[in-house]
$ cat my_file10.cif   # mmCIF, N, CA and C atoms
data_final
loop_
_atom_site.label_atom_id
_atom_site.label_comp_id
_atom_site.auth_asym_id
_atom_site.auth_seq_id
_atom_site.Cartn_x
_atom_site.Cartn_y
_atom_site.Cartn_z
N MET A 2 -22.99 13.57 -3.21
CA MET A 2 -23.27 12.43 -2.37
C MET A 2 -21.97 11.99 -1.71
N GLU A 3 -21.95 11.92 -0.44
CA GLU A 3 -20.74 11.55 0.29
C GLU A 3 -20.91 10.14 0.84
N VAL A 4 -19.90 9.33 0.63
CA VAL A 4 -19.92 7.95 1.09
C VAL A 4 -19.10 7.87 2.36
N GLU A 5 -19.68 7.31 3.41
CA GLU A 5 -18.95 7.17 4.66
C GLU A 5 -18.20 5.84 4.67
N THR A 6 -17.01 5.88 5.18
CA THR A 6 -16.20 4.67 5.31
C THR A 6 -15.97 4.38 6.78
N GLU A 7 -15.31 3.24 7.04
CA GLU A 7 -15.02 2.87 8.42
C GLU A 7 -14.15 3.93 9.09
N VAL A 8 -13.19 4.48 8.32
CA VAL A 8 -12.28 5.46 8.90
C VAL A 8 -13.04 6.71 9.31
N GLN A 9 -14.01 7.14 8.48
CA GLN A 9 -14.79 8.32 8.81
C GLN A 9 -15.69 8.06 10.02
N ASN A 10 -16.19 6.85 10.16
CA ASN A 10 -17.05 6.52 11.28
C ASN A 10 -16.28 6.43 12.59
N ASN A 11 -15.03 6.04 12.54
CA ASN A 11 -14.21 5.86 13.75
C ASN A 11 -13.27 7.03 13.94
N LYS A 12 -13.80 8.24 13.94
CA LYS A 12 -12.96 9.42 14.12
C LYS A 12 -12.39 9.44 15.53
N ILE A 13 -11.17 9.92 15.62
CA ILE A 13 -10.49 9.99 16.91
C ILE A 13 -10.76 11.35 17.54
N ASP A 14 -11.21 11.34 18.76
CA ASP A 14 -11.47 12.57 19.48
C ASP A 14 -10.30 12.85 20.41
N PRO A 15 -9.51 13.89 20.12
CA PRO A 15 -8.35 14.17 20.97
C PRO A 15 -8.75 14.54 22.39
N GLU A 16 -9.96 15.09 22.57
CA GLU A 16 -10.40 15.43 23.92
C GLU A 16 -10.64 14.16 24.73
N ALA A 17 -11.17 13.13 24.10
CA ALA A 17 -11.40 11.86 24.80
C ALA A 17 -10.08 11.20 25.14
N ILE A 18 -9.10 11.37 24.28
CA ILE A 18 -7.79 10.79 24.53
C ILE A 18 -7.10 11.49 25.70
N SER A 19 -7.36 12.81 25.82
CA SER A 19 -6.68 13.58 26.86
C SER A 19 -7.26 13.37 28.25
N LYS A 20 -8.42 12.72 28.35
CA LYS A 20 -9.03 12.51 29.66
C LYS A 20 -8.46 11.25 30.31
N PRO A 21 -7.86 11.38 31.47
CA PRO A 21 -7.37 10.20 32.18
C PRO A 21 -8.53 9.39 32.73
N PRO A 22 -8.29 8.13 33.11
CA PRO A 22 -9.36 7.25 33.59
C PRO A 22 -10.08 7.76 34.83
N ASP A 23 -9.44 8.60 35.63
CA ASP A 23 -10.08 9.05 36.87
C ASP A 23 -11.12 10.14 36.63
N GLY A 24 -11.33 10.56 35.37
CA GLY A 24 -12.39 11.51 35.06
C GLY A 24 -11.95 12.96 35.04
N THR A 25 -10.76 13.26 35.49
CA THR A 25 -10.29 14.64 35.45
C THR A 25 -9.88 14.99 34.03
N THR A 26 -9.85 16.26 33.74
CA THR A 26 -9.44 16.69 32.41
C THR A 26 -7.99 17.14 32.46
N ALA A 27 -7.30 16.87 31.43
CA ALA A 27 -5.90 17.28 31.34
C ALA A 27 -5.74 18.09 30.07
N ASN A 28 -4.89 19.06 30.12
CA ASN A 28 -4.61 19.84 28.93
C ASN A 28 -3.63 19.08 28.05
N ILE A 29 -3.96 18.98 26.80
CA ILE A 29 -3.09 18.29 25.86
C ILE A 29 -2.68 19.31 24.80
N SER A 30 -1.41 19.35 24.52
CA SER A 30 -0.92 20.36 23.58
C SER A 30 -1.26 19.97 22.15
N ARG A 31 -1.18 20.95 21.29
CA ARG A 31 -1.46 20.72 19.87
C ARG A 31 -0.50 19.70 19.28
N ALA A 32 0.76 19.77 19.70
CA ALA A 32 1.76 18.82 19.20
C ALA A 32 1.43 17.40 19.63
N GLN A 33 0.94 17.23 20.85
CA GLN A 33 0.56 15.91 21.33
C GLN A 33 -0.65 15.38 20.56
N LYS A 34 -1.61 16.27 20.27
CA LYS A 34 -2.78 15.87 19.48
C LYS A 34 -2.34 15.42 18.09
N MET A 35 -1.45 16.17 17.48
CA MET A 35 -0.96 15.82 16.14
C MET A 35 -0.25 14.48 16.17
N LYS A 36 0.51 14.24 17.24
CA LYS A 36 1.21 12.97 17.37
C LYS A 36 0.23 11.81 17.45
N VAL A 37 -0.86 11.99 18.20
CA VAL A 37 -1.88 10.96 18.33
C VAL A 37 -2.55 10.71 16.98
N PHE A 38 -2.90 11.77 16.26
CA PHE A 38 -3.53 11.62 14.95
C PHE A 38 -2.60 10.94 13.96
N ARG A 39 -1.34 11.33 13.97
CA ARG A 39 -0.39 10.73 13.03
C ARG A 39 -0.17 9.25 13.33
N GLU A 40 -0.12 8.90 14.59
CA GLU A 40 0.03 7.49 14.97
C GLU A 40 -1.18 6.69 14.51
N ALA A 41 -2.36 7.25 14.69
CA ALA A 41 -3.59 6.56 14.25
C ALA A 41 -3.61 6.43 12.73
N ALA A 42 -3.16 7.46 12.03
CA ALA A 42 -3.12 7.41 10.57
C ALA A 42 -2.13 6.36 10.09
N ARG A 43 -0.98 6.28 10.75
CA ARG A 43 0.03 5.29 10.38
C ARG A 43 -0.51 3.88 10.58
N GLU A 44 -1.16 3.65 11.71
CA GLU A 44 -1.73 2.33 11.98
C GLU A 44 -2.80 1.98 10.96
N GLY A 45 -3.61 2.96 10.58
CA GLY A 45 -4.64 2.73 9.57
C GLY A 45 -4.05 2.39 8.22
N LEU A 46 -2.97 3.08 7.84
CA LEU A 46 -2.31 2.80 6.57
C LEU A 46 -1.68 1.41 6.57
N GLU A 47 -1.07 1.02 7.67
CA GLU A 47 -0.48 -0.31 7.75
C GLU A 47 -1.54 -1.39 7.64
N GLU A 48 -2.68 -1.18 8.30
CA GLU A 48 -3.77 -2.15 8.22
C GLU A 48 -4.31 -2.24 6.80
N GLN A 49 -4.46 -1.10 6.14
CA GLN A 49 -4.95 -1.09 4.76
C GLN A 49 -3.96 -1.79 3.83
N ALA A 50 -2.66 -1.58 4.05
CA ALA A 50 -1.64 -2.24 3.22
C ALA A 50 -1.71 -3.75 3.38
N LYS A 51 -1.93 -4.22 4.59
CA LYS A 51 -2.06 -5.67 4.84
C LYS A 51 -3.26 -6.22 4.09
N LYS A 52 -4.39 -5.49 4.13
CA LYS A 52 -5.59 -5.94 3.42
C LYS A 52 -5.34 -5.99 1.91
N MET A 53 -4.67 -4.96 1.38
CA MET A 53 -4.40 -4.91 -0.06
C MET A 53 -3.48 -6.05 -0.48
N LYS A 54 -2.48 -6.35 0.33
CA LYS A 54 -1.56 -7.43 0.00
C LYS A 54 -2.27 -8.78 0.05
N ALA A 55 -3.13 -8.97 1.04
CA ALA A 55 -3.89 -10.23 1.13
C ALA A 55 -4.82 -10.39 -0.07
N THR A 56 -5.48 -9.32 -0.47
CA THR A 56 -6.36 -9.37 -1.64
C THR A 56 -5.58 -9.69 -2.90
N SER A 57 -4.42 -9.07 -3.05
CA SER A 57 -3.58 -9.31 -4.22
C SER A 57 -3.07 -10.74 -4.24
N SER A 58 -2.71 -11.26 -3.08
CA SER A 58 -2.22 -12.64 -3.01
C SER A 58 -3.30 -13.64 -3.40
N LYS A 59 -4.54 -13.35 -3.04
CA LYS A 59 -5.64 -14.23 -3.41
C LYS A 59 -5.95 -14.14 -4.91
N LYS A 60 -5.82 -12.95 -5.46
CA LYS A 60 -6.20 -12.70 -6.85
C LYS A 60 -5.16 -13.23 -7.84
N PHE A 61 -3.88 -13.07 -7.52
CA PHE A 61 -2.81 -13.45 -8.44
C PHE A 61 -1.98 -14.58 -7.84
N GLN A 62 -1.68 -15.58 -8.65
CA GLN A 62 -0.83 -16.67 -8.17
C GLN A 62 0.63 -16.24 -8.22
N ARG A 63 1.47 -16.85 -7.40
CA ARG A 63 2.89 -16.53 -7.38
C ARG A 63 3.55 -17.10 -8.64
N PRO A 64 4.34 -16.29 -9.33
CA PRO A 64 5.03 -16.80 -10.52
C PRO A 64 6.18 -17.73 -10.12
N THR A 65 6.54 -18.62 -11.04
CA THR A 65 7.63 -19.56 -10.79
C THR A 65 8.76 -19.29 -11.77
N VAL A 66 9.93 -19.85 -11.48
CA VAL A 66 11.09 -19.70 -12.36
C VAL A 66 10.77 -20.34 -13.71
N GLY A 67 11.08 -19.62 -14.78
CA GLY A 67 10.82 -20.11 -16.12
C GLY A 67 9.49 -19.65 -16.69
N GLN A 68 8.67 -19.00 -15.88
CA GLN A 68 7.36 -18.55 -16.33
C GLN A 68 7.49 -17.22 -17.08
N ASN A 69 6.67 -17.04 -18.11
CA ASN A 69 6.62 -15.77 -18.84
C ASN A 69 5.69 -14.82 -18.12
N VAL A 70 6.11 -13.55 -18.05
CA VAL A 70 5.29 -12.52 -17.42
C VAL A 70 5.21 -11.31 -18.33
N ARG A 71 4.11 -10.58 -18.23
CA ARG A 71 3.94 -9.35 -18.99
C ARG A 71 4.08 -8.18 -18.03
N ILE A 72 4.92 -7.23 -18.40
CA ILE A 72 5.17 -6.07 -17.55
C ILE A 72 4.66 -4.85 -18.29
N LYS A 73 3.70 -4.15 -17.68
CA LYS A 73 3.11 -2.96 -18.28
C LYS A 73 4.08 -1.80 -18.12
N ILE A 74 4.24 -1.04 -19.19
CA ILE A 74 5.09 0.15 -19.17
C ILE A 74 4.17 1.36 -18.99
N PRO A 75 4.39 2.17 -17.95
CA PRO A 75 3.54 3.34 -17.73
C PRO A 75 3.62 4.30 -18.92
N ASP A 76 2.51 4.99 -19.20
CA ASP A 76 2.45 5.92 -20.33
C ASP A 76 3.52 7.00 -20.23
N ILE A 77 3.84 7.41 -19.04
CA ILE A 77 4.82 8.49 -18.86
C ILE A 77 6.23 8.05 -19.26
N ASP A 78 6.49 6.74 -19.21
CA ASP A 78 7.83 6.22 -19.48
C ASP A 78 8.02 5.73 -20.91
N ARG A 79 7.05 5.92 -21.77
CA ARG A 79 7.21 5.41 -23.13
C ARG A 79 6.82 6.47 -24.14
N ALA A 80 7.40 6.34 -25.34
CA ALA A 80 7.07 7.22 -26.44
C ALA A 80 5.82 6.68 -27.12
N LYS A 81 5.30 7.42 -28.11
CA LYS A 81 4.06 7.01 -28.78
C LYS A 81 4.21 5.66 -29.48
N MET A 82 5.35 5.38 -30.05
CA MET A 82 5.54 4.16 -30.83
C MET A 82 6.10 3.00 -30.00
N ASP A 83 6.42 3.22 -28.73
CA ASP A 83 6.92 2.15 -27.88
C ASP A 83 5.79 1.19 -27.51
N PRO A 84 6.13 -0.07 -27.23
CA PRO A 84 5.08 -1.02 -26.85
C PRO A 84 4.48 -0.68 -25.49
N ARG A 85 3.24 -1.07 -25.28
CA ARG A 85 2.56 -0.82 -24.00
C ARG A 85 3.05 -1.76 -22.91
N SER A 86 3.58 -2.90 -23.29
CA SER A 86 4.07 -3.87 -22.32
C SER A 86 5.22 -4.66 -22.94
N ILE A 87 5.97 -5.33 -22.07
CA ILE A 87 7.06 -6.19 -22.53
C ILE A 87 6.88 -7.56 -21.91
N ILE A 88 7.40 -8.57 -22.60
CA ILE A 88 7.35 -9.95 -22.12
C ILE A 88 8.72 -10.30 -21.56
N ALA A 89 8.75 -10.92 -20.39
CA ALA A 89 10.00 -11.32 -19.76
C ALA A 89 9.84 -12.73 -19.20
N VAL A 90 10.98 -13.37 -18.95
CA VAL A 90 11.01 -14.70 -18.35
C VAL A 90 11.67 -14.58 -16.97
N ILE A 91 11.07 -15.18 -15.97
CA ILE A 91 11.64 -15.14 -14.62
C ILE A 91 12.80 -16.12 -14.56
N THR A 92 13.99 -15.62 -14.19
CA THR A 92 15.17 -16.47 -14.10
C THR A 92 15.54 -16.81 -12.67
N ASP A 93 15.15 -15.97 -11.70
CA ASP A 93 15.50 -16.23 -10.31
C ASP A 93 14.52 -15.49 -9.40
N ILE A 94 14.24 -16.04 -8.24
CA ILE A 94 13.38 -15.40 -7.24
C ILE A 94 14.20 -15.20 -5.98
N LYS A 95 14.24 -13.95 -5.49
CA LYS A 95 15.01 -13.62 -4.29
C LYS A 95 14.04 -13.16 -3.20
N ASP A 96 14.17 -13.71 -2.03
CA ASP A 96 13.37 -13.34 -0.85
C ASP A 96 11.87 -13.45 -1.11
N GLU A 97 11.45 -14.28 -2.01
CA GLU A 97 10.05 -14.52 -2.34
C GLU A 97 9.30 -13.27 -2.78
N GLU A 98 10.01 -12.17 -3.07
CA GLU A 98 9.36 -10.94 -3.50
C GLU A 98 10.02 -10.30 -4.71
N PHE A 99 11.31 -10.54 -4.91
CA PHE A 99 12.05 -9.88 -5.98
C PHE A 99 12.42 -10.90 -7.04
N TYR A 100 12.32 -10.48 -8.30
CA TYR A 100 12.51 -11.40 -9.41
C TYR A 100 13.59 -10.89 -10.35
N ASP A 101 14.47 -11.79 -10.79
CA ASP A 101 15.40 -11.50 -11.87
C ASP A 101 14.69 -11.87 -13.17
N LEU A 102 14.71 -10.95 -14.12
CA LEU A 102 13.99 -11.16 -15.37
C LEU A 102 14.95 -11.17 -16.55
N LEU A 103 14.62 -11.95 -17.54
CA LEU A 103 15.36 -12.02 -18.80
C LEU A 103 14.46 -11.44 -19.88
N LEU A 104 14.95 -10.39 -20.54
CA LEU A 104 14.18 -9.73 -21.59
C LEU A 104 14.82 -10.03 -22.94
N SER A 105 14.01 -10.14 -23.96
CA SER A 105 14.55 -10.25 -25.31
C SER A 105 13.90 -9.15 -26.15
N TRP A 106 14.72 -8.38 -26.83
CA TRP A 106 14.22 -7.28 -27.63
C TRP A 106 14.20 -7.70 -29.09
N VAL A 107 13.11 -7.47 -29.74
CA VAL A 107 12.97 -7.74 -31.17
C VAL A 107 12.96 -6.42 -31.89
N ASN A 108 13.93 -6.28 -32.82
CA ASN A 108 14.00 -5.01 -33.59
C ASN A 108 13.61 -5.24 -35.01
#

$ encode --input "my_file10.cif" --output "structure tokens"
Amino acid sequence: MEVETEVQNNKIDPEAISKPPDGTTANISRAQKMKVFREAAREGLEEQAKKMKATSSKKFQRPTVGQNVRIKIPDIDRAKMDPRSIIAVITDIKDEEFYDLLLSWVN
């Protein structure tokens, strides 16, 4: 079962792009077609990233200085006996996106 998405429905036709407004046909090279497709793909990825960021902003509140946060450690970066996550305290916020964290290790 194949699910159609907006991207699949709005396929770009390079032949339609190559036709000038006066109705004549123009030859468009393979490199030019690839450039058009890549530009469309880039624009689509940027639009999707904006949607993902907006969804994330609605779902999660912005942390503040002094707040405790849990940071998940990917399975590939930990041994079997290592913790799955660590607790840290936010000490500083830079450019509203980057955080300085204070970690305490218990042995």

$ residues_near_point --input "my_file10.cif" --point "(14.2, -16.4, -15.6)" --cutoff "8 Å" --atoms "only N, CA and C atoms" --output "PyMOL selection string"
chain A and resi 65-69+89-94+100-104

$ select_by_dssp --input "my_file10.cif" --residues "range 17-97 of chain A" --states "helix (DSSP H, G or I)" --output "JSON, numbers by chain"
{"A": [17, 18, 19, 31, 32, 33, 34, 35, 36, 37, 38, 39, 40, 41, 42, 43, 44, 45, 46, 47, 48, 49, 50, 51, 52, 53, 54, 55, 56, 57, 58, 59, 60, 76, 77, 78]}

$ atom_distance --input "my_file10.cif" --atom1 "CA of Lys52 in chain A" --atom2 "CA of Asp96 in chain A"
20.8 Å

$ atom_distance --input "my_file10.cif" --atom1 "CA of Arg71 in chain A" --atom2 "CA of Trp106 in chain A"
13.6 Å

$ atom_distance --input "my_file10.cif" --atom1 "CA of Lys51 in chain A" --atom2 "CA of Glu97 in chain A"
16.6 Å

$ residues_near_point --input "my_file10.cif" --point "(4.4, -3.9, -19.2)" --cutoff "7 Å" --atoms "only C-alpha atoms" --output "ChimeraX atom specification"
/A:71-74,85-87

$ axis_aligned_box --input "my_file10.cif" --around "range 92-104 of chain A" --padding-each-side "5 Å" --output "JSON"
{"center_x": 12.4, "center_y": -13.3, "center_z": -11.9, "size_x": 16.2, "size_y": 17.1, "size_z": 32.1}
